[in-house]
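Here is the structure we will look at, set down as structure tokens.
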Amino acid sequence: MEHTVTTLPTARQPGCPFDPPKELIDAREHGPISRYPFPDGHQGWLVTGYDLVRSILADPRFSSRKELMSHHPTIDYGDIEVPPAPPGEFLLMDEPQHSRYRKPLVGKFTVRRMRLLTERVEQITAEHLDAMEKAGPSADLVTAFAKPIPAIVICELLGVPYEDRGSFQGHIDKFLSGEVSDEELIAAYMATQQYLAELVAAKRANPTDDVLSDLTDSDLTNEELRGVALILLAAGLDTTANMLALGTFALLRTPAQLAALRADPTLTDNAVEELMRYLSVAKQFVRVALEDVELGGHTIEAGTTVILSLNTANRDPERFTDPHVLDLRRQDGGHLAFGHGIHQCLGQQLARVEMRAAFSALINRFPTLRLAVPAEEIALRPETADIYGVKSLPVTWDV
Ligand code: HEM
């Protein structure tokens, strides 16, 4: 019997901010794939099981092309025809277009290249902790720590001048929040595009020591470079920021795990992977079948939209022992929180460097760090936002 999920996106259960919504966990218990009728009437699918999510992510018969994404659980496109992704926005392209943009970038985001940034990331982190300490003994961890650190790192990497960062981050915040009106969203998107166009032209005229300037040596046009820069920013800012804030919240709610991490810094790498699995802030992605595909005993017909739930895949009991437990010593790796296949996160090594540096510095600097309000009062981001997390995280510590 086909299981059907009718209510997406669904809210998290009260008191369980880290667990996927109950309807999604229930759906996975019925099997790895469920029917999902989209609000516009399109008969789609929701995939919640680890193996199936992983195999679809690696299957070229499923497309990421933007122009095929007219069915969406939260956006009503009405009769509007969704246009193809603008040049350079390779997250929403298939091969061979996708490789044209990803290839010149790969060498700039390798493990080795990103490890070289560790010292600078530690320095940026220390500066923010100094400021927090000085203004303390309480802070909103989102504004004081989680947001600015990845923002500075990615701006430096791309070569966004320091004086432009405030207004630039303001526009990006708006179009990623999931909570602004359509008009504000369009205005913020246009302002970001305008700024990036100017930035690319400036790098072409006067190259500096950064990724965007390096890319002006490739055969990418200014318009394509603007698209690439937008994807790097959109993909790298909100994700890491939410991992830092929600990850800290999760650690503060599991004091034994936090104590273990403080006592044993060699746990840090594993802790970051486990937090990524447990929280899966990039919670779902959409693909469209390009041909009829037999999967899990069902035929996914050509043109059908499939929602891939990374957060339930990462909590699949057939793949992870005690999946709903945060266990920083967990050995069953292989989470899908950075995706899989051709679109697997390009910035994952950078994100790891940032998370390792930031979590360890934070918990060591403030041994008595705790929530400043009851956990139930922490405001969560709406499920309509692409990236899950907290809106703010009031914390305090002893001086
Ligand atoms: C903890 C933080 C992060 C998480 C959870 C995350 C998650 C993901 C996921 C799940 C995908 C796959 C999307 C898909 O299959 O459609 C992805 C792609 C991507 N990510 Fe990340 N990401 C993070 C940090 C970063 C950072 C710091 C960068 C900075 C450069 C970045 C750049 C990208 C890019 C460019 C893509 C598109 C790759 C492609 O289409 O080939 N990400 N990310």
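Residues in the structure tokens are numbered from 1 in each chain, the chains being A, B, ... in the order shown, and ligands are numbered from 1 in the order shown.
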
Do you have, as a Markdown table, the list of residues of chain A lying at most 6 Å from ligand 1, each with its nearest atom pair and that distance in Å to one decimal, counting only C-alpha atoms and all ligand atoms and ordered by chain then number?
| residue | atom | partner | partner_atom_place_in_ligand_line | distance |
| --- | --- | --- | --- | --- |
| A:Phe90 | CA | ligand 1 | 40 (O) | 5.3 |
| A:Leu91 | CA | ligand 1 | 40 (O) | 3.4 |
| A:Arg102 | CA | ligand 1 | 41 (O) | 5.8 |
| A:Ile231 | CA | ligand 1 | 35 (C) | 5.6 |
| A:Leu232 | CA | ligand 1 | 35 (C) | 4.7 |
| A:Ala235 | CA | ligand 1 | 32 (C) | 4.6 |
| A:Gly236 | CA | ligand 1 | 26 (C) | 3.3 |
| A:Thr239 | CA | ligand 1 | 2 (C) | 4.3 |
| A:Thr240 | CA | ligand 1 | 2 (C) | 3.8 |
| A:Met243 | CA | ligand 1 | 1 (C) | 5.5 |
| A:Val281 | CA | ligand 1 | 5 (C) | 5.8 |
| A:Ala282 | CA | ligand 1 | 5 (C) | 5.2 |
| A:Phe285 | CA | ligand 1 | 16 (O) | 5.7 |
| A:Ala337 | CA | ligand 1 | 10 (C) | 5.2 |
| A:Phe338 | CA | ligand 1 | 10 (C) | 3.9 |
| A:Gly339 | CA | ligand 1 | 10 (C) | 3.9 |
| A:Ile342 | CA | ligand 1 | 41 (O) | 5.7 |
| A:His343 | CA | ligand 1 | 41 (O) | 3.5 |
| A:Gln344 | CA | ligand 1 | 12 (C) | 4.7 |
| A:Cys345 | CA | ligand 1 | 18 (C) | 3.5 |
| A:Leu346 | CA | ligand 1 | 33 (C) | 4.5 |
| A:Gly347 | CA | ligand 1 | 28 (C) | 3.5 |
| A:Gln348 | CA | ligand 1 | 24 (C) | 5.3 |
| A:Leu350 | CA | ligand 1 | 27 (C) | 5.3 |
| A:Ala351 | CA | ligand 1 | 27 (C) | 4.4 |

Task: Surrounding residues of Leu57 in chain A excluding itself and chain neighbours under 4 positions, 12 Å, only C-alpha atoms, as a PyMOL selection string - done: chain A and resi 47+50-53+61-64+94+284-289+306-310+313+336-345

Every residue of range 227-320 of chain A that DSSP places in helix (DSSP H, G or I), as a compact mmCIF listing (two decimals) with N, CA, C and O atoms, in the first residue's frame:
# COMPACT_ATOMS: atom_id res chain seq x y z
N GLY A 227 26.96 34.81 -11.31
CA GLY A 227 26.13 33.67 -10.89
C GLY A 227 26.89 32.73 -9.98
O GLY A 227 26.36 32.26 -8.96
N VAL A 228 28.15 32.46 -10.31
CA VAL A 228 28.98 31.58 -9.48
C VAL A 228 29.13 32.19 -8.08
O VAL A 228 28.96 31.51 -7.07
N ALA A 229 29.41 33.50 -8.04
CA ALA A 229 29.60 34.16 -6.74
C ALA A 229 28.32 34.08 -5.91
O ALA A 229 28.36 33.84 -4.70
N LEU A 230 27.19 34.25 -6.58
CA LEU A 230 25.92 34.20 -5.85
C LEU A 230 25.69 32.82 -5.23
O LEU A 230 25.29 32.70 -4.07
N ILE A 231 26.00 31.79 -6.00
CA ILE A 231 25.81 30.43 -5.48
C ILE A 231 26.75 30.18 -4.30
O ILE A 231 26.36 29.60 -3.28
N LEU A 232 28.00 30.63 -4.41
CA LEU A 232 28.94 30.40 -3.30
C LEU A 232 28.45 31.10 -2.03
O LEU A 232 28.51 30.52 -0.93
N LEU A 233 27.96 32.29 -2.20
CA LEU A 233 27.47 33.02 -1.02
C LEU A 233 26.20 32.40 -0.45
O LEU A 233 26.10 32.15 0.75
N ALA A 234 25.26 32.14 -1.34
CA ALA A 234 23.97 31.62 -0.87
C ALA A 234 24.16 30.26 -0.23
O ALA A 234 23.50 29.93 0.76
N ALA A 235 25.09 29.45 -0.77
CA ALA A 235 25.26 28.10 -0.25
C ALA A 235 26.14 28.08 1.00
O ALA A 235 26.04 27.18 1.82
N GLY A 236 27.02 29.07 1.13
CA GLY A 236 28.03 28.98 2.19
C GLY A 236 27.73 29.75 3.46
O GLY A 236 28.31 29.45 4.51
N LEU A 237 26.81 30.72 3.38
CA LEU A 237 26.61 31.58 4.54
C LEU A 237 25.62 31.02 5.55
O LEU A 237 25.95 30.76 6.71
N ASP A 238 24.40 30.85 5.07
CA ASP A 238 23.32 30.49 5.96
C ASP A 238 23.49 29.09 6.53
O ASP A 238 23.16 28.82 7.69
N THR A 239 24.03 28.19 5.71
CA THR A 239 24.22 26.81 6.13
C THR A 239 25.17 26.74 7.34
O THR A 239 24.83 26.20 8.39
N THR A 240 26.35 27.32 7.18
CA THR A 240 27.35 27.23 8.24
C THR A 240 26.87 27.98 9.48
O THR A 240 27.03 27.51 10.61
N ALA A 241 26.27 29.17 9.27
CA ALA A 241 25.80 29.97 10.41
C ALA A 241 24.78 29.18 11.22
O ALA A 241 24.82 29.15 12.45
N ASN A 242 23.86 28.51 10.52
CA ASN A 242 22.84 27.76 11.26
C ASN A 242 23.41 26.52 11.93
O ASN A 242 22.95 26.13 13.00
N MET A 243 24.41 25.92 11.32
CA MET A 243 25.06 24.78 11.99
C MET A 243 25.73 25.24 13.28
O MET A 243 25.68 24.55 14.30
N LEU A 244 26.36 26.40 13.25
CA LEU A 244 27.07 26.88 14.45
C LEU A 244 26.07 27.17 15.58
O LEU A 244 26.29 26.79 16.73
N ALA A 245 24.97 27.84 15.25
CA ALA A 245 24.02 28.22 16.30
C ALA A 245 23.21 27.01 16.78
O ALA A 245 23.13 26.74 17.99
N LEU A 246 22.65 26.25 15.83
CA LEU A 246 21.84 25.10 16.23
C LEU A 246 22.72 24.03 16.88
O LEU A 246 22.32 23.35 17.83
N GLY A 247 23.95 23.91 16.38
CA GLY A 247 24.90 22.94 16.96
C GLY A 247 25.22 23.29 18.40
O GLY A 247 25.29 22.40 19.27
N THR A 248 25.41 24.57 18.68
CA THR A 248 25.68 24.99 20.07
C THR A 248 24.46 24.69 20.94
O THR A 248 24.59 24.18 22.07
N PHE A 249 23.27 25.00 20.41
CA PHE A 249 22.03 24.72 21.15
C PHE A 249 21.97 23.21 21.48
O PHE A 249 21.71 22.82 22.62
N ALA A 250 22.24 22.38 20.49
CA ALA A 250 22.17 20.93 20.71
C ALA A 250 23.20 20.48 21.75
O ALA A 250 22.91 19.65 22.62
N LEU A 251 24.40 21.05 21.69
CA LEU A 251 25.42 20.67 22.68
C LEU A 251 25.00 21.11 24.09
O LEU A 251 25.17 20.36 25.06
N LEU A 252 24.42 22.30 24.19
CA LEU A 252 24.00 22.79 25.51
C LEU A 252 22.86 21.94 26.07
O LEU A 252 22.68 21.85 27.28
N ARG A 253 22.09 21.30 25.19
CA ARG A 253 20.97 20.46 25.64
C ARG A 253 21.41 19.04 25.94
O ARG A 253 20.62 18.23 26.40
N PRO A 255 24.38 17.89 27.98
CA PRO A 255 25.57 18.27 28.75
C PRO A 255 26.64 17.18 28.81
O PRO A 255 27.84 17.51 28.81
N ALA A 256 26.24 15.91 28.80
CA ALA A 256 27.26 14.86 28.89
C ALA A 256 28.12 14.85 27.63
O ALA A 256 29.35 14.67 27.68
N GLN A 257 27.48 15.09 26.48
CA GLN A 257 28.23 15.13 25.22
C GLN A 257 29.15 16.36 25.17
O GLN A 257 30.29 16.30 24.75
N LEU A 258 28.61 17.47 25.66
CA LEU A 258 29.39 18.70 25.70
C LEU A 258 30.62 18.51 26.60
O LEU A 258 31.74 18.90 26.24
N ALA A 259 30.41 17.88 27.74
CA ALA A 259 31.52 17.65 28.68
C ALA A 259 32.56 16.74 28.03
O ALA A 259 33.78 16.97 28.17
N ALA A 260 32.09 15.73 27.31
CA ALA A 260 33.03 14.81 26.65
C ALA A 260 33.89 15.55 25.63
O ALA A 260 35.10 15.34 25.53
N LEU A 261 33.26 16.45 24.90
CA LEU A 261 33.99 17.21 23.88
C LEU A 261 35.00 18.16 24.51
O LEU A 261 36.13 18.31 24.02
N ARG A 262 34.60 18.78 25.62
CA ARG A 262 35.53 19.69 26.32
C ARG A 262 36.72 18.92 26.85
O ARG A 262 37.86 19.38 26.77
N ALA A 263 36.45 17.71 27.34
CA ALA A 263 37.51 16.94 27.98
C ALA A 263 38.46 16.34 26.95
O ALA A 263 39.62 16.06 27.26
N PRO A 265 39.64 17.06 23.15
CA PRO A 265 39.62 17.81 21.89
C PRO A 265 39.79 16.93 20.65
O PRO A 265 39.40 17.35 19.55
N THR A 266 40.34 15.71 20.82
CA THR A 266 40.49 14.85 19.63
C THR A 266 39.13 14.39 19.11
O THR A 266 39.03 13.81 18.03
N LEU A 267 38.09 14.64 19.90
CA LEU A 267 36.73 14.27 19.46
C LEU A 267 36.16 15.27 18.45
O LEU A 267 35.12 15.00 17.84
N THR A 268 36.82 16.41 18.30
CA THR A 268 36.20 17.52 17.56
C THR A 268 35.78 17.13 16.13
O THR A 268 34.65 17.41 15.72
N ASP A 269 36.66 16.48 15.38
CA ASP A 269 36.32 16.16 13.99
C ASP A 269 35.07 15.28 13.93
O ASP A 269 34.15 15.51 13.13
N ASN A 270 35.07 14.27 14.80
CA ASN A 270 33.92 13.36 14.83
C ASN A 270 32.65 14.09 15.28
O ASN A 270 31.56 13.83 14.77
N ALA A 271 32.83 14.99 16.26
CA ALA A 271 31.69 15.73 16.79
C ALA A 271 31.03 16.56 15.68
O ALA A 271 29.80 16.62 15.57
N VAL A 272 31.86 17.17 14.84
CA VAL A 272 31.32 18.00 13.76
C VAL A 272 30.50 17.12 12.79
O VAL A 272 29.39 17.49 12.39
N GLU A 273 31.02 15.95 12.45
CA GLU A 273 30.29 15.06 11.53
C GLU A 273 28.97 14.62 12.16
O GLU A 273 27.93 14.56 11.50
N GLU A 274 29.00 14.31 13.45
CA GLU A 274 27.78 13.85 14.12
C GLU A 274 26.75 14.98 14.25
O GLU A 274 25.55 14.76 14.05
N LEU A 275 27.22 16.18 14.51
CA LEU A 275 26.28 17.31 14.57
C LEU A 275 25.67 17.55 13.19
O LEU A 275 24.49 17.85 13.05
N MET A 276 26.49 17.40 12.15
CA MET A 276 25.97 17.55 10.79
C MET A 276 24.86 16.53 10.51
O MET A 276 23.81 16.86 9.97
N ARG A 277 25.11 15.27 10.88
CA ARG A 277 24.12 14.21 10.67
C ARG A 277 22.86 14.47 11.48
O ARG A 277 21.74 14.45 10.97
N TYR A 278 23.06 14.74 12.77
CA TYR A 278 21.96 14.86 13.71
C TYR A 278 21.05 16.05 13.36
O TYR A 278 19.83 15.97 13.49
N LEU A 279 21.65 17.15 12.91
CA LEU A 279 20.87 18.37 12.69
C LEU A 279 20.42 18.55 11.24
O LEU A 279 19.38 19.16 11.00
N LEU A 310 16.73 14.94 3.45
CA LEU A 310 18.05 14.57 3.99
C LEU A 310 17.97 14.34 5.49
O LEU A 310 18.68 13.51 6.04
N ASN A 311 17.10 15.10 6.17
CA ASN A 311 17.11 14.94 7.63
C ASN A 311 16.53 13.60 8.08
O ASN A 311 17.04 13.01 9.02
N THR A 312 15.53 13.08 7.38
CA THR A 312 15.07 11.73 7.78
C THR A 312 16.05 10.66 7.30
O THR A 312 16.25 9.66 7.98
N ALA A 313 16.68 10.87 6.13
CA ALA A 313 17.68 9.90 5.66
C ALA A 313 18.80 9.78 6.69
O ALA A 313 19.27 8.67 6.99

Open item on the list: Using only C-alpha atoms for the distances, tell me which of A:Tyr77, A:Phe359, A:Tyr388, A:Phe366 is nearest to Ser138 in chain A.
Closed with: A:Phe366

Open item on the list: Which residues are close to Arg226 in chain A, i.e. within 12 Å by only C-alpha atoms, leaving aside same-chain residues fewer than 4 positions away? Reply as a PyMOL selection string.
Closed with: chain A and resi 86-90+101+158+192-204+212-213+215-216+220-222+230-233

TODO: Might you pull out every residue within 12 Å of Pro14 in chain A, with only C-alpha atoms counted and same-chain residues fewer than 6 positions away left off, and present them as a ChimeraX atom specification?
DONE: /A:20-22,375-380

Go ahead and save the picked residues with N, CA and C atoms, as a PDB file, in the first residue's frame.
ATOM      1  N   PRO A  20      13.487  15.664  13.112  1.00  0.00           N
ATOM      2  CA  PRO A  20      12.658  15.995  11.947  1.00  0.00           C
ATOM      3  C   PRO A  20      11.181  15.997  12.374  1.00  0.00           C
ATOM      4  N   PRO A  21      10.324  16.715  11.628  1.00  0.00           N
ATOM      5  CA  PRO A  21       8.892  16.691  11.954  1.00  0.00           C
ATOM      6  C   PRO A  21       8.369  15.249  12.029  1.00  0.00           C
ATOM      7  N   LYS A  22       7.415  15.048  12.946  1.00  0.00           N
ATOM      8  CA  LYS A  22       6.917  13.690  13.218  1.00  0.00           C
ATOM      9  C   LYS A  22       6.359  13.027  11.947  1.00  0.00           C
ATOM     10  N   ALA A 375      14.768  26.498  27.251  1.00  0.00           N
ATOM     11  CA  ALA A 375      14.944  25.983  25.881  1.00  0.00           C
ATOM     12  C   ALA A 375      13.678  26.146  25.039  1.00  0.00           C
ATOM     13  N   GLU A 376      12.509  26.026  25.670  1.00  0.00           N
ATOM     14  CA  GLU A 376      11.235  26.113  24.923  1.00  0.00           C
ATOM     15  C   GLU A 376      11.037  27.514  24.347  1.00  0.00           C
ATOM     16  N   GLU A 377      11.741  28.495  24.891  1.00  0.00           N
ATOM     17  CA  GLU A 377      11.551  29.872  24.399  1.00  0.00           C
ATOM     18  C   GLU A 377      12.474  30.221  23.230  1.00  0.00           C
ATOM     19  N   ILE A 378      13.359  29.317  22.872  1.00  0.00           N
ATOM     20  CA  ILE A 378      14.257  29.604  21.743  1.00  0.00           C
ATOM     21  C   ILE A 378      13.435  29.565  20.450  1.00  0.00           C
ATOM     22  N   ALA A 379      13.474  30.679  19.690  1.00  0.00           N
ATOM     23  CA  ALA A 379      12.658  30.754  18.465  1.00  0.00           C
ATOM     24  C   ALA A 379      13.344  30.010  17.323  1.00  0.00           C
ATOM     25  N   LEU A 380      12.597  29.093  16.732  1.00  0.00           N
ATOM     26  CA  LEU A 380      13.141  28.296  15.625  1.00  0.00           C
ATOM     27  C   LEU A 380      12.798  28.958  14.294  1.00  0.00           C
TER      28      LEU A 380
END

Task: Nearest-residue call for Pro60 in chain A, choices A:Glu291, A:Glu184, A:Asp40, A:Asp219, using only C-alpha atoms - done: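 Using only C-alpha atoms, Pro60 in chain A sits closest to A:Glu291.
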
Task: Residues near Thr368 in chain A, cut-off 9 Å, only C-alpha atoms, skip fewer than 6 positions along chain, as JSON, numbers by chain - done: {"A": [396, 397, 398, 399]}

Open item on the list: Which residue is closest to Leu369 in chain A? Choose from A:Met190, A:Glu81, A:Ile149, A:Ala139 and count only C-alpha atoms.
Closed with: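 Between A:Met190, A:Glu81, A:Ile149, A:Ala139, the residue approaching Leu369 in chain A most closely is A:Ala139.
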
- [ ] Between A:Val142, A:Ala358, A:Ala302, A:Val160, single out the one closest to Val121 in chain A, counting only C-alpha atoms.
- [x]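 Looking at the shortest contact to Val121 in chain A, the residue is A:Ala358.
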
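When only C-alpha atoms are used to measure the gap to Thr74 in chain A, the shortest distance among A:Pro37, A:Gly159, A:Pro9, A:Pro150 belongs to A:Pro9.
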
Task: Selection: 10 Å around Thr384 in chain A, only C-alpha atoms, excl. self and same-chain fewer than 4 positions, as a list in words - done: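 After dropping sequence-adjacent residues, the list is Leu8, Pro9, Thr10, Ala11, Pro73, Thr74, Ile75, Ser177, Gly178, Glu179 and Tyr388 of chain A.
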